[in-house]
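Shown next, in structure tokens, is the structure this report addresses.
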Amino acid sequence: MSTMANDFSATRRLILKGAGVLTLIGLGIVPLDVTKVLAAANDKYPEEAFKAKSEADAIKALYGKTPEPSDKVKMDAPEIAENGAVVPISVTTTLADVTSISFLVSENPVALVASYKIPAGTLPNVANRIKMARTSNVVVVVEAGGKLYGVSKEVKVTVGGCGG
Amino acid sequence: MTIRRRDFLKLAGAATLSGSLPRLARGADNAGVYDLERFGNARILHITDTHAQLRPVFFREPSVNLGVGPMQGNPPHLVGRAFLDRFGIRPDSADAYAFTCIEFEKAAGRFGKLGGFAHLKTLIDRMRSEVASGRSLLLDGGDLWQGTGLSNTLQGADMVEAANLLGIEAMTGHWEFTYGEKALRANLERFKGEFLAQNVYLTEEAAFNDAKAFDPASGRVFKPSIIKEIGGHRVAVIGQAFPYVPIAHPKRFTPDWKFGIRDEELQKLVDTHRNADKVDAVILLSHNGMDVDLKLASRVTGIDVILGGHTHDAVPQPIAVTNAGGTTLVTNAGSNGKFLAVLDLDIGKGKVSNVRYRLLPIFSELLKPDPTMQALIDKIREPHAAALNEKIASADRLLYRRGNFSGTMDQLICDALLGELNAEIALSPGFRWGTTALAGQPLTMEDVLAQTAVTYPETYVQTMTGGQIKDVLEDICDNLFNTDPYYQQGGDMVRVGGLAYACMPTEAMGKRISELKLDNGRALGARKSYRVAGWASVNEQTGAPIWDVVARHLRSGKPPNRAPPGVTLKGVEGNPGIAGQG
């Protein structure tokens with residue numbers, strides 16, 4: 001067993017994983033002008049959304065609407081995180097016309113962890129590693145065809161130890 | 001010895017007299033207990049969680065093994081009388097002694113120790129000789145290499161030799177990983193069977209650095225499965241290692257590997273074996289723990305039988321779980337070498353038509369120890385025997401560990417931590433291994449090590465606030481009582497010394513623990529700091545190993561603290577997973 005205290009600081013640090021970046025940049029090359037797409041994706045940094053404390057406020061600030069559940073969005077996340085500082089979460093979807101994929105951690109001091117713009121023609125497949133302050137629902141929101149879809153899964157962040 | 005043997009013989013006589021009567025489901029207290037009716041065309045033998053107990057042991061099954069939510073009242077969460085009723089075991093029988101805690105001390109005197117690899121080998125050889133050559137398979141579910149002073153000193157090498165002589169053909173792992181990659185691989189070099197794990201992968205960093213893997217393309221570190229030909233039929237055996245190794249143990253032992261349940265990858269593997277390899281049966285050799293296996297069986301299709309371990313549940317009959325593809329049987333085969341599971345399969349083309357399952361207790365007084373195994377055990381033990389045999393004290397009462405919240409053995413360990421390290425509060429991990437000592441029996445260094453032999457035994461003393469202590473208790477309690485088994489880790493609750501608390505297992509995380517009090521009756525202050533001692537931390541520590549601390553305490557001859565454990569359970573009235581406090 002352990003008595004390690006959760007010493008996560010309030011600052012949220014985003015750790016991008018290769019796959020996520022690859023999706024955004026690498027696969028976007030074929031049909032599109034990459035520089036233009038990246039510029040478009042970056043020209044409006046969603047500052048309000050990244051300041052919102054709650055998951056609902058962040059989604060509202062980002063999209064202005066609420067997501068509906070979908071079985072076409074598949075999130076891969078561990079049940080219990082091996083390390084709360086780098087929790088691997090990935091998402092794929094069979095929805096058409098995906099324009100954006102966002103990751104939120106309900107119990108983090110600031111809920112929105114990452115938001116990806118998905119240029120047309122890009123495979124909607126994002127993997128990243130996120131930092132979690134404590135056990136929480138992880139929410140993935142997919143914007144597709146002008147509508148918003150969401151899935152969530154509880155990921156446990158434990159102090160560890162005492163396993164059988 | 002003679003008296004005990006007479007107990008068995010008396011009952012054997014009774015059984016002979018009533019030979020024409022239908023036998024109770026599990027009531028045959030005699031040597032004939034090992035006479036199995038022939039069935040099927042393939043015999044799979046399964047042992048698990050032996051925890052390196054080469055010699056016969058006493059091991060008291062729990063009097064508290066609570067299930068909450070959908071698990072309440074269902075196997076394996078039954079103890080005492082409720083357990084006997086559910087499985088049709090006659091009270092006061094040898095089986096009642098092997099499977100439950102009822103009148104443990106009295107029954108221990110009558111029926112003696114269980115397990116021991118020499119005895120196990122005798123029974124395994126007999127079970128294999130009863131079926132035609134090439135018609136049986138011996139599997140081990142892991143936690144084979146850890147649990148004794150000897151195995152800890154030899155980093156499991158002793159158990160590899162014993163496993164080879166026993167004839168284990170495939171195994172998976174849990175505590176095996178706590179020796180670290182180098183020692184693990186060195187042992188596997190010498191192991192004649194296969195080490196299987198479908199759910200252990202290289203981390204991205206390790207894969208990037210070309211770390212060693214069985215399948216670099218998928219990142220699988222170990223062979224996930226094997227296909228064995230048994231009597232003309234093809235049987236796939238898939239290994240499922242303990243899914244939470246880097247969480248339950250220090251991450252430093254397995255820095256390059258990631259684990260998890262990974263039932264989607266498992267489903268793909270099962271489908272490949274079914275569709276491409278055209279196997280006739282699929283067995284999952286699992287170290288998930290029984291609750292996790294029961295949930296997994298409802299989600300993954302195409303597995304005939306899950307041979308389970310980890311949670312040390314001795315469950316006499318398989319539990320049938322229906323899923324989208326049919327039915328999967330789930331078993332759990334107890335611990336400490338107490339049991340041998342015998343799974344007889346009637347395999348047809350592409351499917352298992354029927355099964356018979358028996359979980360046979362290894363009554364060491366009914367089985368003649370196999371001389372070759374006995375000689376091996378003696379040879380391995382000899383250089384260490386003097387140190388292990390050193391008598392330190394005598395057991396002042398029945399000393400046992402297993403149980404959800406406390407055990408007298410852990411109370412003793414907590415007393416040692418409080419006294420020797422001058423702390424206000426002691427924390428001791430809720431491991432499920434650790435043998436039982438009868439009142440009055442000598443306690444040797446070997447007995448102390450049977451409770452403490454881990455690769456991270458260092459003790460610590462640190463300052464914690466009352467709030468932090470509550471958080472730790474809540475966190476560990478959720479590992480035990482989360483209503484979703486996939487969020488459980490399969491250990492018992494951390495043991496406490498110097499501290500009392502109330503627990504309501506049916507509550508949600510953060511609300512289970514209340515009324516925290518010090519031994520002097522004062523309420524624990526959330527912001528107040530306390531001196532806390534413990535051992536087996538997942539963080540690196542530098543204190544003396546716990547076995548030395550316990551031995552020092554025992555040698556000091558301080559009067560034993562016999563105060564009842566300070567855990568008050570709430571909301572468990574009527575739950576058949578509790579039979580008194582314990």
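Chain labels run A, B, ... following the order of the structure tokens; each chain numbers its residues from 1, and ligands are numbered from 1 in the order shown.
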
(request) Considering only C-alpha atoms, return as JSON, numbers by chain whatever protein or nucleic-acid residues lie within 6 Å of range 432-437 of chain B, sequence-local ones (same chain, fewer than 4 positions apart) excluded. (result) {"A": [164], "B": [58, 59, 398, 399, 400, 402, 450, 451]}

Restricted to C-alpha atoms, what would the selected residues look like written as a PDB file, in the first residue's frame?
ATOM      1  CA  GLY A 164      -3.835  -8.977  -3.234  1.00  0.00           C
TER       2      GLY A 164
ATOM      3  CA  PHE B  58      -2.860 -24.124   7.818  1.00  0.00           C
ATOM      4  CA  PHE B  59      -4.916 -21.481   6.071  1.00  0.00           C
ATOM      5  CA  LEU B 398      -4.977 -18.174  16.511  1.00  0.00           C
ATOM      6  CA  LEU B 399      -3.094 -15.953  14.068  1.00  0.00           C
ATOM      7  CA  TYR B 400      -4.629 -15.540  10.627  1.00  0.00           C
ATOM      8  CA  ARG B 402      -7.492 -13.447   5.435  1.00  0.00           C
ATOM      9  CA  ALA B 450       5.191 -16.102   5.182  1.00  0.00           C
ATOM     10  CA  GLN B 451       3.328 -12.887   6.082  1.00  0.00           C
TER      11      GLN B 451
END

(request) Would you please give, as a PyMOL selection string, all residues of range 232-473 of chain B that DSSP assigns to strand (DSSP E or B) based on the backbone? (result) chain B and resi 233-240+257-258+281-286+305-308+314+319-323+326-333+339-348+351-361+363+391-394+399+425-430+437+442-444+458-465

(request) Can you pull out every residue within 7 Å of range 146-159 of chain A, counting only C-alpha atoms, but drop anything in the same chain fewer than 6 positions away, and send it as a list in words? (result)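 So the residues in contact are Ser2, Thr3, Met4, Thr66, Pro67, Glu68, Pro69, Ser70, Val73, Pro78, Glu79, Ile80, Ala81, Gly84, Arg134, Thr135, Ser136, Asn137, Val138, Val139 and Val140 of chain A; Asp475 of chain B.
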
For the residues in that selection, give me N, CA and C atoms as a JSON list (two decimals), in the first residue's frame.
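Written out: again.json:
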[["chain", "number", "residue", "atom", "x", "y", "z"],
["A", 2, "SER", "N", 0.26, 2.31, -0.23],
["A", 2, "SER", "CA", 1.02, 3.53, -0.31],
["A", 2, "SER", "C", 0.30, 4.62, 0.42],
["A", 3, "THR", "N", 1.05, 5.57, 0.83],
["A", 3, "THR", "CA", 0.42, 6.72, 1.45],
["A", 3, "THR", "C", 0.78, 7.96, 0.67],
["A", 4, "MET", "N", 1.09, 7.78, -0.59],
["A", 4, "MET", "CA", 1.46, 8.91, -1.43],
["A", 4, "MET", "C", 0.29, 9.88, -1.51],
["A", 66, "THR", "N", -25.40, 21.39, -26.30],
["A", 66, "THR", "CA", -25.08, 20.24, -25.44],
["A", 66, "THR", "C", -25.04, 18.96, -26.27],
["A", 67, "PRO", "N", -24.13, 18.04, -25.90],
["A", 67, "PRO", "CA", -23.98, 16.81, -26.69],
["A", 67, "PRO", "C", -25.07, 15.78, -26.39],
["A", 68, "GLU", "N", -25.36, 14.96, -27.39],
["A", 68, "GLU", "CA", -26.25, 13.82, -27.16],
["A", 68, "GLU", "C", -25.39, 12.55, -27.19],
["A", 69, "PRO", "N", -25.84, 11.49, -26.46],
["A", 69, "PRO", "CA", -25.03, 10.27, -26.44],
["A", 69, "PRO", "C", -24.98, 9.61, -27.83],
["A", 70, "SER", "N", -23.89, 8.92, -28.11],
["A", 70, "SER", "CA", -23.77, 8.25, -29.41],
["A", 70, "SER", "C", -22.99, 6.97, -29.26],
["A", 73, "VAL", "N", -19.28, 6.79, -31.27],
["A", 73, "VAL", "CA", -18.02, 7.34, -30.76],
["A", 73, "VAL", "C", -17.42, 6.31, -29.81],
["A", 78, "PRO", "N", -8.34, 3.59, -19.78],
["A", 78, "PRO", "CA", -8.20, 2.55, -18.76],
["A", 78, "PRO", "C", -9.28, 2.70, -17.68],
["A", 79, "GLU", "N", -9.64, 1.61, -17.01],
["A", 79, "GLU", "CA", -10.54, 1.71, -15.87],
["A", 79, "GLU", "C", -9.82, 2.38, -14.70],
["A", 80, "ILE", "N", -8.61, 1.92, -14.46],
["A", 80, "ILE", "CA", -7.79, 2.50, -13.40],
["A", 80, "ILE", "C", -6.50, 2.98, -14.04],
["A", 81, "ALA", "N", -6.18, 4.26, -13.84],
["A", 81, "ALA", "CA", -4.99, 4.83, -14.46],
["A", 81, "ALA", "C", -3.73, 4.28, -13.81],
["A", 84, "GLY", "N", -1.74, 8.86, -12.90],
["A", 84, "GLY", "CA", -2.71, 9.93, -13.11],
["A", 84, "GLY", "C", -2.15, 11.11, -13.89],
["A", 134, "ARG", "N", -7.78, 13.68, -10.06],
["A", 134, "ARG", "CA", -8.34, 12.63, -9.21],
["A", 134, "ARG", "C", -9.30, 11.79, -10.06],
["A", 135, "THR", "N", -9.87, 10.77, -9.43],
["A", 135, "THR", "CA", -10.86, 9.94, -10.10],
["A", 135, "THR", "C", -11.96, 10.81, -10.69],
["A", 136, "SER", "N", -12.30, 10.56, -11.94],
["A", 136, "SER", "CA", -13.24, 11.45, -12.61],
["A", 136, "SER", "C", -13.84, 10.79, -13.84],
["A", 137, "ASN", "N", -14.96, 11.35, -14.28],
["A", 137, "ASN", "CA", -15.44, 10.99, -15.60],
["A", 137, "ASN", "C", -14.58, 11.69, -16.63],
["A", 138, "VAL", "N", -14.21, 10.96, -17.67],
["A", 138, "VAL", "CA", -13.56, 11.58, -18.81],
["A", 138, "VAL", "C", -14.61, 11.66, -19.92],
["A", 139, "VAL", "N", -14.78, 12.85, -20.47],
["A", 139, "VAL", "CA", -15.82, 13.06, -21.47],
["A", 139, "VAL", "C", -15.16, 13.40, -22.80],
["A", 140, "VAL", "N", -15.61, 12.72, -23.86],
["A", 140, "VAL", "CA", -15.15, 13.05, -25.20],
["A", 140, "VAL", "C", -16.35, 13.58, -25.98],
["B", 475, "ASP", "N", -9.81, 5.43, -0.50],
["B", 475, "ASP", "CA", -9.26, 4.98, -1.77],
["B", 475, "ASP", "C", -9.14, 3.46, -1.81]]

Rows by chain and residue number, chain B within 6 Å of chain A, shortest pair, only C-alpha atoms, as JSON lines:
{"residue": "B:Ile247", "atom": "CA", "partner": "A:Gly160", "partner_atom": "CA", "distance": 5.0}
{"residue": "B:Ala248", "atom": "CA", "partner": "A:Gly161", "partner_atom": "CA", "distance": 3.9}
{"residue": "B:His249", "atom": "CA", "partner": "A:Gly161", "partner_atom": "CA", "distance": 5.5}
{"residue": "B:Pro429", "atom": "CA", "partner": "A:Cys162", "partner_atom": "CA", "distance": 5.2}
{"residue": "B:Gly430", "atom": "CA", "partner": "A:Cys162", "partner_atom": "CA", "distance": 5.7}
{"residue": "B:Phe431", "atom": "CA", "partner": "A:Gly164", "partner_atom": "CA", "distance": 4.7}
{"residue": "B:Arg432", "atom": "CA", "partner": "A:Gly164", "partner_atom": "CA", "distance": 5.3}
{"residue": "B:Gln489", "atom": "CA", "partner": "A:Gly163", "partner_atom": "CA", "distance": 5.6}
{"residue": "B:Gly490", "atom": "CA", "partner": "A:Gly164", "partner_atom": "CA", "distance": 5.5}
{"residue": "B:Gly491", "atom": "CA", "partner": "A:Gly164", "partner_atom": "CA", "distance": 3.7}
{"residue": "B:Ala536", "atom": "CA", "partner": "A:Met1", "partner_atom": "CA", "distance": 5.7}
{"residue": "B:Ser537", "atom": "CA", "partner": "A:Ser2", "partner_atom": "CA", "distance": 4.3}
{"residue": "B:Val538", "atom": "CA", "partner": "A:Ser2", "partner_atom": "CA", "distance": 5.2}

(request) Excluding Ala114 in chain A and any residue of its chain fewer than 2 positions from it, enumerate the residues within 10 Å of it, using only C-alpha atoms, and give them as a PyMOL selection string. (result) chain A and resi 14-16+50+101-105+111-112+116+128-130+140

(request) Provide the CA of Pro76 in chain B to CA of Asn404 in chain B distance in Å, to one decimal place. (result)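 Computed distance, CA of Pro76 in chain B to CA of Asn404 in chain B, equals 12.8 Å.
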
(message) I need the alpha helix (DSSP H) residues of range 209-390 of chain B per DSSP on the backbone, written as a ChimeraX atom specification.
(response) /B:245-248,263-275,290-299,371-381,385-389

Take the residues that were just selected and, keeping C-alpha atoms, output them as a tab-separated table (two decimals), in the first residue's frame.
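Heads up, here's the output in selection_30.tsv:
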chain	number	residue	atom	x	y	z
B	245	VAL	CA	0.45	-4.72	-11.49
B	246	PRO	CA	1.95	-1.18	-11.84
B	247	ILE	CA	-0.81	0.28	-9.65
B	248	ALA	CA	-0.87	-2.29	-6.87
B	263	ASP	CA	-11.24	-7.30	-23.04
B	264	GLU	CA	-11.40	-5.97	-26.59
B	265	GLU	CA	-7.96	-7.35	-27.41
B	266	LEU	CA	-9.00	-10.56	-25.68
B	267	GLN	CA	-12.14	-10.79	-27.82
B	268	LYS	CA	-10.03	-10.43	-30.97
B	269	LEU	CA	-7.71	-13.19	-29.80
B	270	VAL	CA	-10.61	-15.53	-28.97
B	271	ASP	CA	-12.17	-14.81	-32.37
B	272	THR	CA	-8.89	-15.54	-34.14
B	273	HIS	CA	-8.55	-18.87	-32.34
B	274	ARG	CA	-12.16	-19.76	-33.10
B	275	ASN	CA	-12.33	-18.60	-36.71
B	290	MET	CA	-13.38	-13.65	-9.52
B	291	ASP	CA	-15.61	-10.58	-9.69
B	292	VAL	CA	-13.67	-9.24	-12.68
B	293	ASP	CA	-13.85	-12.65	-14.37
B	294	LEU	CA	-17.62	-12.81	-13.85
B	295	LYS	CA	-18.05	-9.42	-15.52
B	296	LEU	CA	-15.60	-10.26	-18.28
B	297	ALA	CA	-17.51	-13.50	-18.97
B	298	SER	CA	-20.65	-11.45	-19.59
B	299	ARG	CA	-18.88	-9.24	-22.16
B	371	PRO	CA	9.48	-38.61	-2.80
B	372	THR	CA	11.12	-36.82	-5.75
B	373	MET	CA	9.33	-33.55	-4.97
B	374	GLN	CA	10.04	-33.95	-1.27
B	375	ALA	CA	13.73	-34.46	-2.04
B	376	LEU	CA	13.75	-31.34	-4.25
B	377	ILE	CA	12.08	-29.24	-1.55
B	378	ASP	CA	14.53	-30.50	1.07
B	379	LYS	CA	17.47	-29.80	-1.22
B	380	ILE	CA	16.37	-26.24	-2.04
B	381	ARG	CA	15.52	-25.50	1.56
B	385	ALA	CA	16.85	-24.13	6.86
B	386	ALA	CA	18.71	-22.94	9.96
B	387	ALA	CA	17.72	-19.31	9.45
B	388	LEU	CA	14.13	-20.18	8.56
B	389	ASN	CA	13.68	-22.61	11.47

(request) Pick out the residues sitting within 7 Å of Arg495 in chain B, and hand them over as a list in words; count only C-alpha atoms, and ignore anything fewer than 4 positions along from it in its own chain. (result)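 Here the answer would be Phe405, Ser406, Asp410, Leu427, Ser428, Pro429 and Gly430 of chain B.
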
(request) Give me, please, the distance in Å between CA of Lys338 in chain B and CA of Gly289 in chain B, quoted to one decimal. (result) 17.4 Å

(message) I'd like the interatomic distance between CA of Asn332 in chain B and CA of Val79 in chain B, to a tenth of an Å.
(response) 14.9 Å

(message) Residues within 10 Å of Pro545 in chain B, please, as a list of chain:residue names. Count only C-alpha atoms; anything in the same chain fewer than 4 positions from it doesn't count.
(response) B:Thr452, B:Ala453, B:Val454, B:Thr455, B:Tyr456, B:Pro457, B:Glu458, B:Thr459, B:Tyr460, B:Trp535, B:Ala536, B:Gln541, B:Val549, B:Val550

Selection to disk with N, CA and C atoms, as an mmCIF file, in the first residue's frame:
data_model
loop_
_atom_site.group_PDB
_atom_site.id
_atom_site.type_symbol
_atom_site.label_atom_id
_atom_site.label_comp_id
_atom_site.auth_asym_id
_atom_site.auth_seq_id
_atom_site.Cartn_x
_atom_site.Cartn_y
_atom_site.Cartn_z
ATOM 1 N N THR B 452 5.203 -11.633 5.205
ATOM 2 C CA THR B 452 5.861 -10.356 4.893
ATOM 3 C C THR B 452 6.801 -10.393 3.692
ATOM 4 N N ALA B 453 6.990 -11.569 3.076
ATOM 5 C CA ALA B 453 8.049 -11.714 2.072
ATOM 6 C C ALA B 453 7.663 -11.053 0.745
ATOM 7 N N VAL B 454 7.984 -9.777 0.631
ATOM 8 C CA VAL B 454 7.776 -9.049 -0.630
ATOM 9 C C VAL B 454 9.092 -8.385 -1.021
ATOM 10 N N THR B 455 9.154 -7.934 -2.271
ATOM 11 C CA THR B 455 10.394 -7.310 -2.745
ATOM 12 C C THR B 455 10.459 -5.825 -2.377
ATOM 13 N N TYR B 456 9.453 -5.338 -1.672
ATOM 14 C CA TYR B 456 9.496 -3.946 -1.190
ATOM 15 C C TYR B 456 9.055 -3.896 0.272
ATOM 16 N N PRO B 457 9.858 -4.560 1.151
ATOM 17 C CA PRO B 457 9.451 -4.745 2.547
ATOM 18 C C PRO B 457 9.798 -3.575 3.470
ATOM 19 N N GLU B 458 10.425 -2.528 2.921
ATOM 20 C CA GLU B 458 10.942 -1.461 3.775
ATOM 21 C C GLU B 458 9.812 -0.764 4.538
ATOM 22 N N THR B 459 10.076 -0.533 5.803
ATOM 23 C CA THR B 459 9.110 0.194 6.628
ATOM 24 C C THR B 459 9.339 1.698 6.481
ATOM 25 N N TYR B 460 8.350 2.484 6.888
ATOM 26 C CA TYR B 460 8.493 3.935 6.865
ATOM 27 C C TYR B 460 7.751 4.536 8.046
ATOM 28 N N TRP B 535 4.456 -0.246 5.865
ATOM 29 C CA TRP B 535 5.419 -0.987 5.035
ATOM 30 C C TRP B 535 4.783 -1.291 3.691
ATOM 31 N N ALA B 536 5.584 -1.808 2.775
ATOM 32 C CA ALA B 536 5.099 -2.171 1.432
ATOM 33 C C ALA B 536 4.490 -0.980 0.716
ATOM 34 N N GLN B 541 11.129 3.390 -0.070
ATOM 35 C CA GLN B 541 11.342 3.699 1.340
ATOM 36 C C GLN B 541 12.685 3.132 1.786
ATOM 37 N N VAL B 549 11.345 -5.949 11.825
ATOM 38 C CA VAL B 549 10.583 -5.178 12.812
ATOM 39 C C VAL B 549 9.647 -6.099 13.595
ATOM 40 N N VAL B 550 8.991 -7.015 12.883
ATOM 41 C CA VAL B 550 8.071 -7.945 13.548
ATOM 42 C C VAL B 550 8.850 -8.904 14.451
#
